[in-house]
Structure formats: C-alpha cells, structure tokens
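Source file: model25.cif (mmCIF, N, CA and C atoms and all ligand atoms)
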data_model
#
loop_
_atom_site.label_atom_id
_atom_site.label_comp_id
_atom_site.auth_asym_id
_atom_site.auth_seq_id
_atom_site.Cartn_x
_atom_site.Cartn_y
_atom_site.Cartn_z
N MET W 1385 148.25 80.73 140.14
CA MET W 1385 147.22 81.44 140.89
C MET W 1385 145.84 80.89 140.54
N LYS W 1386 144.90 81.15 141.44
CA LYS W 1386 143.53 80.70 141.18
C LYS W 1386 142.82 81.70 140.27
N LEU W 1387 142.11 81.18 139.28
CA LEU W 1387 141.37 82.03 138.35
C LEU W 1387 140.05 81.37 137.98
N LEU W 1388 139.14 82.17 137.46
CA LEU W 1388 137.85 81.64 137.04
C LEU W 1388 137.92 81.23 135.57
N THR W 1389 137.35 80.07 135.28
CA THR W 1389 137.35 79.56 133.91
C THR W 1389 135.94 79.13 133.53
N ALA W 1390 135.66 79.17 132.25
CA ALA W 1390 134.33 78.77 131.77
C ALA W 1390 134.12 77.28 132.01
N THR W 1391 132.89 76.94 132.43
CA THR W 1391 132.57 75.54 132.66
C THR W 1391 131.11 75.26 132.35
N ARG W 1392 130.84 74.01 132.01
CA ARG W 1392 129.45 73.58 131.86
C ARG W 1392 128.95 72.91 133.13
N GLU W 1393 129.83 72.76 134.10
CA GLU W 1393 129.40 72.17 135.37
C GLU W 1393 128.31 73.03 135.99
N ARG W 1394 127.31 72.36 136.52
CA ARG W 1394 126.17 72.99 137.20
C ARG W 1394 125.32 73.87 136.28
N GLN W 1395 125.52 73.75 134.98
CA GLN W 1395 124.64 74.42 134.03
C GLN W 1395 123.24 73.83 134.13
N GLY W 1396 122.23 74.68 134.04
CA GLY W 1396 120.85 74.21 134.05
C GLY W 1396 120.25 74.11 135.44
N GLU W 1397 121.08 74.31 136.48
CA GLU W 1397 120.54 74.23 137.84
C GLU W 1397 119.73 75.46 138.20
N GLN W 1398 120.00 76.56 137.52
CA GLN W 1398 119.22 77.78 137.77
C GLN W 1398 118.56 78.22 136.47
N ASP W 1399 117.39 78.82 136.61
CA ASP W 1399 116.70 79.35 135.44
C ASP W 1399 117.60 80.37 134.76
N GLY W 1400 117.61 80.36 133.47
CA GLY W 1400 118.38 81.36 132.74
C GLY W 1400 119.85 81.01 132.60
N ASP W 1401 120.23 79.78 132.92
CA ASP W 1401 121.62 79.37 132.73
C ASP W 1401 121.97 79.26 131.25
N PHE W 1402 123.19 79.61 130.92
CA PHE W 1402 123.70 79.36 129.56
C PHE W 1402 125.21 79.34 129.59
N CYS W 1403 125.80 78.65 128.66
CA CYS W 1403 127.25 78.64 128.51
C CYS W 1403 127.59 78.59 127.04
N PHE W 1404 127.97 79.75 126.50
CA PHE W 1404 128.40 79.83 125.10
C PHE W 1404 129.91 79.96 125.01
N ALA W 1405 130.55 80.10 126.17
CA ALA W 1405 131.99 80.25 126.19
C ALA W 1405 132.66 78.90 125.92
N VAL W 1406 133.96 78.92 125.74
CA VAL W 1406 134.72 77.70 125.47
C VAL W 1406 135.17 77.11 126.80
N GLU W 1407 134.80 75.85 127.03
CA GLU W 1407 135.15 75.16 128.26
C GLU W 1407 136.63 75.38 128.60
N GLY W 1408 136.87 75.84 129.81
CA GLY W 1408 138.25 75.96 130.29
C GLY W 1408 138.92 77.30 130.04
N GLU W 1409 138.32 78.14 129.20
CA GLU W 1409 138.99 79.42 128.93
C GLU W 1409 138.83 80.36 130.14
N LEU W 1410 139.75 81.31 130.26
CA LEU W 1410 139.68 82.28 131.34
C LEU W 1410 138.47 83.18 131.14
N VAL W 1411 137.81 83.52 132.25
CA VAL W 1411 136.68 84.44 132.16
C VAL W 1411 136.89 85.61 133.11
N LEU W 1412 136.14 86.67 132.88
CA LEU W 1412 136.13 87.81 133.78
C LEU W 1412 134.72 88.37 133.85
N LEU W 1413 134.55 89.35 134.74
CA LEU W 1413 133.24 89.99 134.85
C LEU W 1413 133.17 91.10 133.82
N GLY W 1414 132.49 90.83 132.73
CA GLY W 1414 132.37 91.82 131.66
C GLY W 1414 131.40 92.93 132.03
N PHE W 1415 131.25 93.85 131.11
CA PHE W 1415 130.39 95.00 131.37
C PHE W 1415 128.92 94.62 131.29
N VAL W 1416 128.12 95.31 132.08
CA VAL W 1416 126.70 95.01 132.16
C VAL W 1416 125.92 96.15 131.52
N CYS W 1417 124.97 95.78 130.66
CA CYS W 1417 124.17 96.80 129.98
C CYS W 1417 123.09 97.35 130.93
N ALA W 1418 122.43 98.43 130.52
CA ALA W 1418 121.44 99.09 131.37
C ALA W 1418 120.27 98.16 131.68
N THR W 1419 119.88 97.35 130.72
CA THR W 1419 118.76 96.42 130.91
C THR W 1419 119.04 95.48 132.08
N ASP W 1420 120.22 94.86 132.08
CA ASP W 1420 120.54 93.90 133.12
C ASP W 1420 120.94 94.57 134.43
N GLU W 1421 121.45 95.78 134.33
CA GLU W 1421 121.76 96.54 135.55
C GLU W 1421 120.49 96.68 136.38
N ALA W 1422 119.35 96.85 135.71
CA ALA W 1422 118.06 96.99 136.38
C ALA W 1422 117.48 95.62 136.77
N ASP W 1423 117.80 94.58 136.00
CA ASP W 1423 117.23 93.26 136.25
C ASP W 1423 118.22 92.18 135.77
N PRO W 1424 119.13 91.77 136.67
CA PRO W 1424 120.17 90.82 136.26
C PRO W 1424 119.65 89.44 135.87
N ASP W 1425 118.40 89.14 136.25
CA ASP W 1425 117.83 87.85 135.86
C ASP W 1425 117.04 87.97 134.55
N GLY W 1426 117.12 89.13 133.95
CA GLY W 1426 116.28 89.44 132.80
C GLY W 1426 116.81 88.91 131.48
N GLY W 1427 116.28 89.54 130.43
CA GLY W 1427 116.43 89.00 129.09
C GLY W 1427 117.84 88.95 128.52
N CYS W 1428 118.66 89.92 128.82
CA CYS W 1428 119.96 89.99 128.15
C CYS W 1428 120.90 88.90 128.64
N GLY W 1429 121.14 88.86 129.94
CA GLY W 1429 121.99 87.81 130.50
C GLY W 1429 123.37 88.27 130.90
N CYS W 1430 123.80 89.45 130.45
CA CYS W 1430 125.17 89.88 130.76
C CYS W 1430 125.35 90.14 132.26
N GLY W 1431 124.26 90.46 132.97
CA GLY W 1431 124.35 90.74 134.40
C GLY W 1431 124.54 89.50 135.26
N ARG W 1432 124.34 88.32 134.69
CA ARG W 1432 124.54 87.10 135.44
C ARG W 1432 125.59 86.20 134.79
N ALA W 1433 126.35 86.76 133.87
CA ALA W 1433 127.31 85.94 133.12
C ALA W 1433 128.73 86.46 133.22
N PHE W 1434 129.66 85.54 133.06
CA PHE W 1434 131.08 85.87 132.92
C PHE W 1434 131.38 85.90 131.42
N SER W 1435 132.41 86.67 131.05
CA SER W 1435 132.81 86.73 129.64
C SER W 1435 134.08 85.93 129.43
N GLY W 1436 134.06 85.09 128.41
CA GLY W 1436 135.28 84.35 128.03
C GLY W 1436 136.29 85.32 127.44
N MET W 1437 137.52 85.29 127.95
CA MET W 1437 138.52 86.27 127.50
C MET W 1437 138.96 86.00 126.07
N SER W 1438 138.87 84.75 125.59
CA SER W 1438 139.29 84.46 124.21
C SER W 1438 138.11 84.50 123.26
N SER W 1439 137.01 83.84 123.64
CA SER W 1439 135.88 83.70 122.72
C SER W 1439 134.98 84.93 122.72
N MET W 1440 135.06 85.74 123.79
CA MET W 1440 134.16 86.88 124.00
C MET W 1440 132.72 86.41 124.23
N ARG W 1441 132.54 85.12 124.44
CA ARG W 1441 131.19 84.62 124.69
C ARG W 1441 130.98 84.42 126.18
N ALA W 1442 129.70 84.31 126.55
CA ALA W 1442 129.34 84.37 127.95
C ALA W 1442 128.98 83.01 128.54
N THR W 1443 129.13 82.89 129.87
CA THR W 1443 128.70 81.70 130.60
C THR W 1443 128.21 82.12 131.98
N THR W 1444 127.14 81.48 132.46
CA THR W 1444 126.64 81.82 133.80
C THR W 1444 127.35 81.02 134.89
N THR W 1445 128.17 80.05 134.50
CA THR W 1445 128.91 79.28 135.51
C THR W 1445 130.41 79.36 135.21
N ALA W 1446 131.18 79.44 136.29
CA ALA W 1446 132.64 79.45 136.16
C ALA W 1446 133.23 78.53 137.21
N LEU W 1447 134.30 77.87 136.84
CA LEU W 1447 134.99 76.92 137.71
C LEU W 1447 136.29 77.56 138.20
N VAL W 1448 136.52 77.51 139.52
CA VAL W 1448 137.77 78.02 140.08
C VAL W 1448 138.87 76.99 139.82
N ARG W 1449 139.91 77.42 139.14
CA ARG W 1449 141.02 76.50 138.87
C ARG W 1449 142.34 77.12 139.30
N GLU W 1450 143.23 76.24 139.78
CA GLU W 1450 144.59 76.66 140.10
C GLU W 1450 145.39 76.50 138.81
N LEU W 1451 145.83 77.62 138.24
CA LEU W 1451 146.50 77.56 136.94
C LEU W 1451 147.93 78.04 137.06
N ASP W 1452 148.77 77.41 136.29
CA ASP W 1452 150.19 77.73 136.31
C ASP W 1452 150.47 78.86 135.33
N ILE W 1453 149.85 80.01 135.58
CA ILE W 1453 150.14 81.15 134.72
C ILE W 1453 150.57 82.32 135.59
N THR W 1454 151.35 83.19 134.99
CA THR W 1454 151.91 84.31 135.74
C THR W 1454 150.99 85.52 135.63
N TYR W 1455 151.28 86.50 136.44
CA TYR W 1455 150.55 87.76 136.39
C TYR W 1455 150.69 88.39 135.00
N ASP W 1456 151.87 88.25 134.41
CA ASP W 1456 152.09 88.81 133.07
C ASP W 1456 151.26 88.08 132.01
N ASP W 1457 151.14 86.74 132.15
CA ASP W 1457 150.27 85.98 131.23
C ASP W 1457 148.85 86.51 131.32
N LEU W 1458 148.41 86.71 132.56
CA LEU W 1458 147.04 87.19 132.79
C LEU W 1458 146.87 88.58 132.17
N ARG W 1459 147.88 89.41 132.32
CA ARG W 1459 147.82 90.76 131.75
C ARG W 1459 147.63 90.71 130.23
N VAL W 1460 148.37 89.80 129.58
CA VAL W 1460 148.24 89.65 128.12
C VAL W 1460 146.82 89.24 127.75
N ALA W 1461 146.26 88.29 128.52
CA ALA W 1461 144.91 87.80 128.23
C ALA W 1461 143.86 88.90 128.42
N VAL W 1462 143.98 89.64 129.51
CA VAL W 1462 143.01 90.71 129.80
C VAL W 1462 143.15 91.84 128.79
N ASP W 1463 144.38 92.18 128.45
CA ASP W 1463 144.66 93.21 127.46
C ASP W 1463 143.98 92.85 126.14
N GLY W 1464 144.17 91.59 125.72
CA GLY W 1464 143.57 91.12 124.46
C GLY W 1464 142.05 91.19 124.49
N TYR W 1465 141.49 90.82 125.65
CA TYR W 1465 140.04 90.87 125.80
C TYR W 1465 139.52 92.30 125.65
N LEU W 1466 140.14 93.22 126.35
CA LEU W 1466 139.67 94.61 126.34
C LEU W 1466 139.75 95.22 124.94
N VAL W 1467 140.86 94.94 124.26
CA VAL W 1467 141.02 95.48 122.90
C VAL W 1467 139.95 94.88 121.99
N ALA W 1468 139.74 93.54 122.10
CA ALA W 1468 138.74 92.87 121.27
C ALA W 1468 137.33 93.36 121.59
N ALA W 1469 137.11 93.75 122.85
CA ALA W 1469 135.79 94.23 123.27
C ALA W 1469 135.56 95.69 122.86
N GLY W 1470 136.52 96.28 122.19
CA GLY W 1470 136.35 97.65 121.72
C GLY W 1470 136.71 98.68 122.76
N MET W 1471 137.56 98.26 123.73
CA MET W 1471 137.97 99.20 124.77
C MET W 1471 139.49 99.30 124.82
N GLY W 1472 140.08 99.38 123.66
CA GLY W 1472 141.53 99.47 123.55
C GLY W 1472 142.02 100.88 123.79
N PRO W 1473 143.34 101.04 123.86
CA PRO W 1473 143.94 102.37 124.13
C PRO W 1473 143.63 103.39 123.04
N ASP W 1474 143.35 102.92 121.82
CA ASP W 1474 143.03 103.86 120.74
C ASP W 1474 141.69 104.55 121.01
N LEU W 1475 140.78 103.81 121.69
CA LEU W 1475 139.47 104.40 122.02
C LEU W 1475 139.48 105.16 123.34
N LEU W 1476 140.09 104.53 124.34
CA LEU W 1476 140.02 105.11 125.69
C LEU W 1476 141.12 106.11 125.96
N GLY W 1477 142.18 106.03 125.20
CA GLY W 1477 143.37 106.81 125.54
C GLY W 1477 144.28 105.94 126.41
N THR W 1478 145.57 106.18 126.29
CA THR W 1478 146.56 105.32 126.93
C THR W 1478 146.40 105.25 128.44
N ALA W 1479 146.21 106.39 129.07
CA ALA W 1479 146.16 106.44 130.54
C ALA W 1479 144.92 105.72 131.06
N GLU W 1480 143.79 105.99 130.43
CA GLU W 1480 142.55 105.39 130.90
C GLU W 1480 142.56 103.89 130.65
N PHE W 1481 143.12 103.49 129.51
CA PHE W 1481 143.21 102.06 129.22
C PHE W 1481 144.08 101.36 130.25
N ALA W 1482 145.22 101.96 130.59
CA ALA W 1482 146.14 101.36 131.56
C ALA W 1482 145.43 101.17 132.91
N GLU W 1483 144.62 102.13 133.28
CA GLU W 1483 143.88 102.07 134.54
C GLU W 1483 142.83 100.96 134.50
N LEU W 1484 142.10 100.91 133.39
CA LEU W 1484 141.07 99.87 133.22
C LEU W 1484 141.71 98.49 133.22
N LEU W 1485 142.85 98.36 132.58
CA LEU W 1485 143.57 97.08 132.52
C LEU W 1485 143.94 96.61 133.93
N GLU W 1486 144.53 97.51 134.71
CA GLU W 1486 144.92 97.15 136.08
C GLU W 1486 143.70 96.76 136.93
N GLU W 1487 142.65 97.56 136.83
CA GLU W 1487 141.42 97.29 137.58
C GLU W 1487 140.85 95.92 137.23
N THR W 1488 140.82 95.64 135.94
CA THR W 1488 140.23 94.39 135.47
C THR W 1488 141.07 93.19 135.93
N ILE W 1489 142.39 93.34 135.90
CA ILE W 1489 143.27 92.26 136.37
C ILE W 1489 143.06 92.05 137.87
N GLU W 1490 143.00 93.14 138.63
CA GLU W 1490 142.77 93.05 140.08
C GLU W 1490 141.48 92.30 140.37
N ASP W 1491 140.40 92.68 139.68
CA ASP W 1491 139.10 92.05 139.88
C ASP W 1491 139.16 90.56 139.56
N THR W 1492 139.83 90.25 138.48
CA THR W 1492 139.90 88.87 138.00
C THR W 1492 140.59 87.98 139.04
N VAL W 1493 141.66 88.50 139.63
CA VAL W 1493 142.38 87.75 140.66
C VAL W 1493 141.54 87.71 141.95
N HIS W 1494 140.94 88.83 142.27
CA HIS W 1494 140.16 88.99 143.50
C HIS W 1494 138.98 88.01 143.57
N PHE W 1495 138.24 87.88 142.48
CA PHE W 1495 137.01 87.09 142.52
C PHE W 1495 137.24 85.58 142.59
N ALA W 1496 138.45 85.13 142.29
CA ALA W 1496 138.73 83.69 142.37
C ALA W 1496 139.36 83.32 143.70
N ARG W 1497 139.75 84.31 144.47
CA ARG W 1497 140.57 84.10 145.66
C ARG W 1497 139.81 83.41 146.80
N PHE W 1498 138.50 83.64 146.88
CA PHE W 1498 137.74 83.21 148.05
C PHE W 1498 137.44 81.73 148.11
N TRP W 1499 137.48 81.04 146.97
CA TRP W 1499 137.01 79.67 146.95
C TRP W 1499 138.12 78.69 146.63
N PRO W 1500 137.93 77.45 147.07
CA PRO W 1500 138.94 76.44 146.74
C PRO W 1500 138.85 76.07 145.26
N ALA W 1501 139.96 75.61 144.71
CA ALA W 1501 139.95 75.11 143.34
C ALA W 1501 138.90 74.01 143.24
N GLY W 1502 138.11 74.04 142.19
CA GLY W 1502 137.06 73.04 142.02
C GLY W 1502 135.68 73.58 142.34
N ALA W 1503 135.62 74.73 143.02
CA ALA W 1503 134.32 75.33 143.31
C ALA W 1503 133.74 75.91 142.02
N VAL W 1504 132.41 75.86 141.93
CA VAL W 1504 131.72 76.47 140.79
C VAL W 1504 130.98 77.71 141.29
N VAL W 1505 131.12 78.80 140.58
CA VAL W 1505 130.52 80.06 141.01
C VAL W 1505 129.64 80.65 139.91
N GLY W 1506 128.75 81.53 140.35
CA GLY W 1506 127.91 82.27 139.42
C GLY W 1506 128.08 83.76 139.69
N ARG W 1507 127.43 84.55 138.89
CA ARG W 1507 127.57 86.00 139.01
C ARG W 1507 126.21 86.67 139.13
N LYS W 1508 126.15 87.72 139.93
CA LYS W 1508 125.02 88.65 139.89
C LYS W 1508 125.60 90.05 139.95
N LEU W 1509 125.58 90.75 138.83
CA LEU W 1509 126.16 92.08 138.69
C LEU W 1509 127.60 92.11 139.20
N ASP W 1510 127.88 92.84 140.30
CA ASP W 1510 129.26 92.94 140.77
C ASP W 1510 129.63 91.88 141.78
N HIS W 1511 128.75 90.91 141.99
CA HIS W 1511 129.01 89.89 142.99
C HIS W 1511 129.21 88.53 142.35
N VAL W 1512 130.12 87.76 142.95
CA VAL W 1512 130.34 86.39 142.53
C VAL W 1512 129.87 85.50 143.67
N GLN W 1513 128.99 84.55 143.34
CA GLN W 1513 128.35 83.72 144.36
C GLN W 1513 128.71 82.26 144.16
N LEU W 1514 128.85 81.58 145.29
CA LEU W 1514 129.15 80.15 145.24
C LEU W 1514 127.94 79.37 144.74
N ARG W 1515 128.18 78.46 143.82
CA ARG W 1515 127.10 77.57 143.36
C ARG W 1515 127.36 76.12 143.75
N GLY W 1516 128.59 75.79 144.01
CA GLY W 1516 128.86 74.42 144.45
C GLY W 1516 130.31 74.24 144.83
N LEU W 1517 130.53 73.52 145.93
CA LEU W 1517 131.90 73.23 146.36
C LEU W 1517 132.36 71.93 145.73
N PRO W 1518 133.68 71.77 145.59
CA PRO W 1518 134.18 70.50 145.05
C PRO W 1518 133.91 69.36 146.02
N GLU W 1519 133.96 68.15 145.53
CA GLU W 1519 133.76 66.98 146.39
C GLU W 1519 134.78 67.00 147.51
N GLY W 1520 134.31 66.62 148.71
CA GLY W 1520 135.23 66.61 149.85
C GLY W 1520 135.06 67.84 150.72
N TYR W 1521 134.37 68.88 150.19
CA TYR W 1521 134.12 70.08 150.98
C TYR W 1521 132.73 70.07 151.60
N GLY W 1522 131.95 69.05 151.28
CA GLY W 1522 130.60 68.96 151.81
C GLY W 1522 130.62 68.56 153.27
N PRO W 1523 129.46 68.14 153.80
CA PRO W 1523 129.41 67.66 155.18
C PRO W 1523 130.37 66.48 155.33
N ARG W 1524 130.94 66.36 156.52
CA ARG W 1524 131.92 65.30 156.75
C ARG W 1524 131.26 63.93 156.52
N PRO W 1525 131.91 63.05 155.77
CA PRO W 1525 131.29 61.75 155.57
C PRO W 1525 131.20 60.97 156.88
N PHE W 1526 130.21 60.11 156.97
CA PHE W 1526 130.00 59.27 158.15
C PHE W 1526 131.20 58.37 158.37
N SER W 1527 131.63 58.30 159.61
CA SER W 1527 132.81 57.48 159.90
C SER W 1527 132.50 56.59 161.09
N VAL W 1528 133.14 55.43 161.17
CA VAL W 1528 132.94 54.54 162.32
C VAL W 1528 133.37 55.20 163.62
N ARG W 1529 134.26 56.19 163.52
CA ARG W 1529 134.71 56.88 164.73
C ARG W 1529 133.61 57.74 165.34
N ASP W 1530 132.54 57.98 164.58
CA ASP W 1530 131.42 58.74 165.12
C ASP W 1530 130.55 57.89 166.03
N LEU W 1531 130.72 56.58 165.98
CA LEU W 1531 129.85 55.68 166.77
C LEU W 1531 130.16 55.78 168.25
ZN ZN W 1601 123.13 93.05 128.74
#
Have the structure of the file written as structure tokens, please.
Amino acid sequence: MKLLTATRERQGEQDGDFCFAVEGELVLLGFVCATDEADPDGGCGCGRAFSGMSSMRATTTALVRELDITYDDLRVAVDGYLVAAGMGPDLLGTAEFAELLEETIEDTVHFARFWPAGAVVGRKLDHVQLRGLPEGYGPRPFSVRDL
C-alpha cells in the first residue's frame, strides 16, 4: 500500500522547513499543540510537520512510497508510536485507545492515497498538500509529433 515516509527531498523550499526524522521511516500526522493550532507556520512546527513513527521526530516533507507492508504491519507501527507518544491503553483506557488506533491507521492510509508514489507532500494542520510530483508527471515533454 501507499504510505507517507520521511524525506529530505524538497527540504528548504519553504520557510520553516525541517527534517529531524529518519529518512524513509513511516510518518503520520501527529498531534498539534495550541500554539500551532492558531498559527501552523509559527514557532513550534508541529502544525506543519509529520511525525516519524519510529524516531518520534518531525519532518515538514514526506515522500509517498509504495511499500510492501500489510495492514497488520502498519497497525504494529502505529500502536508502537501511540504508546511511545504517551497515549497507550494504560493512559487512555482500552476502548479509547482501540478507537484512536483505528482512526490513526485510517488517516495514515487515507493521506497517502491521493498521490502517485514519488510525490512529495507537506502538511498544514489537518491537511496534506502536494509539494512536488515525481518526474514524468510534469508537463508533457516536447515531442516531434507535436510539430
Ligand atoms: Zn506544537
């Protein structure tokens, strides 16, 4: 399935870009603090960043990749992220955690679905925006048949 992964591609093209995540790791849309909820381009950065599921570190750019992983693999990764982020079943309760887990998995699959593999995307709060298409998706190259 297609999923979003941390990338340094297209870093620096927008003000406030950063990538502290590990290249290639799975990312998701982490929680946004009140500061960034009011101003996603502001000082904190969580409102314009994806969270690395393994490193817990953030990146403002993510690469859409077609990965050979199953829904269950993804569930394990998201589960691990939530527990590490301090939102495990011991804190939230089993039922609420199960709900959050499903929601987060749905979102993670949902946000990668719209773009072809190779596209680079950015985030603004609850929205994922295209930052660049892979080569070959641009304007059609000039051909002698156009003459
Ligand atoms: Zn924040």
As a short mmCIF file (atom, residue, chain, number, x, y, z; two decimals) with N, CA and C atoms, in the frame of the given file, list the residues of chain W assigned to helix (DSSP H, G or I) by DSSP on the backbone atoms of this structure.
data_model
loop_
_atom_site.label_atom_id
_atom_site.label_comp_id
_atom_site.auth_asym_id
_atom_site.auth_seq_id
_atom_site.Cartn_x
_atom_site.Cartn_y
_atom_site.Cartn_z
N ALA W 1418 122.43 98.43 130.52
CA ALA W 1418 121.44 99.09 131.37
C ALA W 1418 120.27 98.16 131.68
N THR W 1419 119.88 97.35 130.72
CA THR W 1419 118.76 96.42 130.91
C THR W 1419 119.04 95.48 132.08
N ASP W 1420 120.22 94.86 132.08
CA ASP W 1420 120.54 93.90 133.12
C ASP W 1420 120.94 94.57 134.43
N GLU W 1421 121.45 95.78 134.33
CA GLU W 1421 121.76 96.54 135.55
C GLU W 1421 120.49 96.68 136.38
N ALA W 1422 119.35 96.85 135.71
CA ALA W 1422 118.06 96.99 136.38
C ALA W 1422 117.48 95.62 136.77
N CYS W 1430 123.80 89.45 130.45
CA CYS W 1430 125.17 89.88 130.76
C CYS W 1430 125.35 90.14 132.26
N GLY W 1431 124.26 90.46 132.97
CA GLY W 1431 124.35 90.74 134.40
C GLY W 1431 124.54 89.50 135.26
N ARG W 1432 124.34 88.32 134.69
CA ARG W 1432 124.54 87.10 135.44
C ARG W 1432 125.59 86.20 134.79
N TYR W 1455 151.28 86.50 136.44
CA TYR W 1455 150.55 87.76 136.39
C TYR W 1455 150.69 88.39 135.00
N ASP W 1456 151.87 88.25 134.41
CA ASP W 1456 152.09 88.81 133.07
C ASP W 1456 151.26 88.08 132.01
N ASP W 1457 151.14 86.74 132.15
CA ASP W 1457 150.27 85.98 131.23
C ASP W 1457 148.85 86.51 131.32
N LEU W 1458 148.41 86.71 132.56
CA LEU W 1458 147.04 87.19 132.79
C LEU W 1458 146.87 88.58 132.17
N ARG W 1459 147.88 89.41 132.32
CA ARG W 1459 147.82 90.76 131.75
C ARG W 1459 147.63 90.71 130.23
N VAL W 1460 148.37 89.80 129.58
CA VAL W 1460 148.24 89.65 128.12
C VAL W 1460 146.82 89.24 127.75
N ALA W 1461 146.26 88.29 128.52
CA ALA W 1461 144.91 87.80 128.23
C ALA W 1461 143.86 88.90 128.42
N VAL W 1462 143.98 89.64 129.51
CA VAL W 1462 143.01 90.71 129.80
C VAL W 1462 143.15 91.84 128.79
N ASP W 1463 144.38 92.18 128.45
CA ASP W 1463 144.66 93.21 127.46
C ASP W 1463 143.98 92.85 126.14
N GLY W 1464 144.17 91.59 125.72
CA GLY W 1464 143.57 91.12 124.46
C GLY W 1464 142.05 91.19 124.49
N TYR W 1465 141.49 90.82 125.65
CA TYR W 1465 140.04 90.87 125.80
C TYR W 1465 139.52 92.30 125.65
N LEU W 1466 140.14 93.22 126.35
CA LEU W 1466 139.67 94.61 126.34
C LEU W 1466 139.75 95.22 124.94
N VAL W 1467 140.86 94.94 124.26
CA VAL W 1467 141.02 95.48 122.90
C VAL W 1467 139.95 94.88 121.99
N ALA W 1468 139.74 93.54 122.10
CA ALA W 1468 138.74 92.87 121.27
C ALA W 1468 137.33 93.36 121.59
N PRO W 1473 143.34 101.04 123.86
CA PRO W 1473 143.94 102.37 124.13
C PRO W 1473 143.63 103.39 123.04
N ASP W 1474 143.35 102.92 121.82
CA ASP W 1474 143.03 103.86 120.74
C ASP W 1474 141.69 104.55 121.01
N LEU W 1475 140.78 103.81 121.69
CA LEU W 1475 139.47 104.40 122.02
C LEU W 1475 139.48 105.16 123.34
N LEU W 1476 140.09 104.53 124.34
CA LEU W 1476 140.02 105.11 125.69
C LEU W 1476 141.12 106.11 125.96
N THR W 1478 145.57 106.18 126.29
CA THR W 1478 146.56 105.32 126.93
C THR W 1478 146.40 105.25 128.44
N ALA W 1479 146.21 106.39 129.07
CA ALA W 1479 146.16 106.44 130.54
C ALA W 1479 144.92 105.72 131.06
N GLU W 1480 143.79 105.99 130.43
CA GLU W 1480 142.55 105.39 130.90
C GLU W 1480 142.56 103.89 130.65
N PHE W 1481 143.12 103.49 129.51
CA PHE W 1481 143.21 102.06 129.22
C PHE W 1481 144.08 101.36 130.25
N ALA W 1482 145.22 101.96 130.59
CA ALA W 1482 146.14 101.36 131.56
C ALA W 1482 145.43 101.17 132.91
N GLU W 1483 144.62 102.13 133.28
CA GLU W 1483 143.88 102.07 134.54
C GLU W 1483 142.83 100.96 134.50
N LEU W 1484 142.10 100.91 133.39
CA LEU W 1484 141.07 99.87 133.22
C LEU W 1484 141.71 98.49 133.22
N LEU W 1485 142.85 98.36 132.58
CA LEU W 1485 143.57 97.08 132.52
C LEU W 1485 143.94 96.61 133.93
N GLU W 1486 144.53 97.51 134.71
CA GLU W 1486 144.92 97.15 136.08
C GLU W 1486 143.70 96.76 136.93
N GLU W 1487 142.65 97.56 136.83
CA GLU W 1487 141.42 97.29 137.58
C GLU W 1487 140.85 95.92 137.23
N THR W 1488 140.82 95.64 135.94
CA THR W 1488 140.23 94.39 135.47
C THR W 1488 141.07 93.19 135.93
N ILE W 1489 142.39 93.34 135.90
CA ILE W 1489 143.27 92.26 136.37
C ILE W 1489 143.06 92.05 137.87
N GLU W 1490 143.00 93.14 138.63
CA GLU W 1490 142.77 93.05 140.08
C GLU W 1490 141.48 92.30 140.37
N ASP W 1491 140.40 92.68 139.68
CA ASP W 1491 139.10 92.05 139.88
C ASP W 1491 139.16 90.56 139.56
N THR W 1492 139.83 90.25 138.48
CA THR W 1492 139.90 88.87 138.00
C THR W 1492 140.59 87.98 139.04
N VAL W 1493 141.66 88.50 139.63
CA VAL W 1493 142.38 87.75 140.66
C VAL W 1493 141.54 87.71 141.95
N HIS W 1494 140.94 88.83 142.27
CA HIS W 1494 140.16 88.99 143.50
C HIS W 1494 138.98 88.01 143.57
N PHE W 1495 138.24 87.88 142.48
CA PHE W 1495 137.01 87.09 142.52
C PHE W 1495 137.24 85.58 142.59
N ALA W 1496 138.45 85.13 142.29
CA ALA W 1496 138.73 83.69 142.37
C ALA W 1496 139.36 83.32 143.70
N VAL W 1528 133.14 55.43 161.17
CA VAL W 1528 132.94 54.54 162.32
C VAL W 1528 133.37 55.20 163.62
N ARG W 1529 134.26 56.19 163.52
CA ARG W 1529 134.71 56.88 164.73
C ARG W 1529 133.61 57.74 165.34
N ASP W 1530 132.54 57.98 164.58
CA ASP W 1530 131.42 58.74 165.12
C ASP W 1530 130.55 57.89 166.03
#
Please identify every polymer residue within 12 Å of ligand ZN 1601 (chain W), using only C-alpha atoms and all ligand atoms, and present the set as an NGL selection string. :W and (1414-1435 or 1442 or 1509)
Tell me, as an mmCIF file with N, CA and C atoms, in the coordinates of the input, which residues lie within 6 Å of W:Glu1407, counting only N, CA and C atoms; anything in the same chain fewer than 3 positions away does not count.
data_model
loop_
_atom_site.group_PDB
_atom_site.id
_atom_site.type_symbol
_atom_site.label_atom_id
_atom_site.label_comp_id
_atom_site.auth_asym_id
_atom_site.auth_seq_id
_atom_site.Cartn_x
_atom_site.Cartn_y
_atom_site.Cartn_z
ATOM 1 N N ALA W 1390 135.660 79.170 132.250
ATOM 2 C CA ALA W 1390 134.330 78.770 131.770
ATOM 3 C C ALA W 1390 134.120 77.280 132.010
ATOM 4 N N THR W 1391 132.890 76.940 132.430
ATOM 5 C CA THR W 1391 132.570 75.540 132.660
ATOM 6 C C THR W 1391 131.110 75.260 132.350
ATOM 7 N N ARG W 1392 130.840 74.010 132.010
ATOM 8 C CA ARG W 1392 129.450 73.580 131.860
ATOM 9 C C ARG W 1392 128.950 72.910 133.130
#
Which neighbours of W:Leu1484 fall inside 12 Å, counting only C-alpha atoms, when residues of the same chain fewer than 4 positions from it are skipped, and could you give them as a PyMOL selection string? chain W and resi 1414-1415+1459+1462-1463+1465-1467+1471-1473+1476-1480+1488-1491
Shell around W:Gly1506 at 8 Å using only N, CA and C atoms, local window under 5 positions removed, as a list in words: Arg1432, Ala1433, Phe1434, Thr1443, Thr1444, Thr1445, Ala1446, Leu1447, His1511, Val1512, Gln1513, Leu1514, Arg1515 and Gly1516 of chain W
Here atom CA of W:Asp1401 and atom CA of W:Arg1507 stand apart by 10.9 Å
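Between atom CA of W:Leu1485 and atom CA of W:Met1437 there is a distance of 12.9 Å.
Put simply, atom CA of W:Leu1387 is 20.2 Å away from atom CA of W:Gly1520.
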Neighbour residues at most 7 Å from (138.9, 80.8, 127.3) (only N, CA and C atoms) as a ChimeraX atom specification: /W:1389-1390,1405-1411,1436-1439
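In the backbone-derived DSSP annotation, strand (DSSP E) within stretch 1392-1529 of chain W comprises Val1411, Leu1412, Phe1434, Ser1435, Gly1436, Ala1442, Thr1443, Ala1446, Leu1447, Val1448, Arg1449, Glu1450, Val1504, Val1505, Gly1506, Arg1507, Lys1508, His1511, Val1512, Gln1513, Leu1514, Arg1515 and Gly1516 of chain W.
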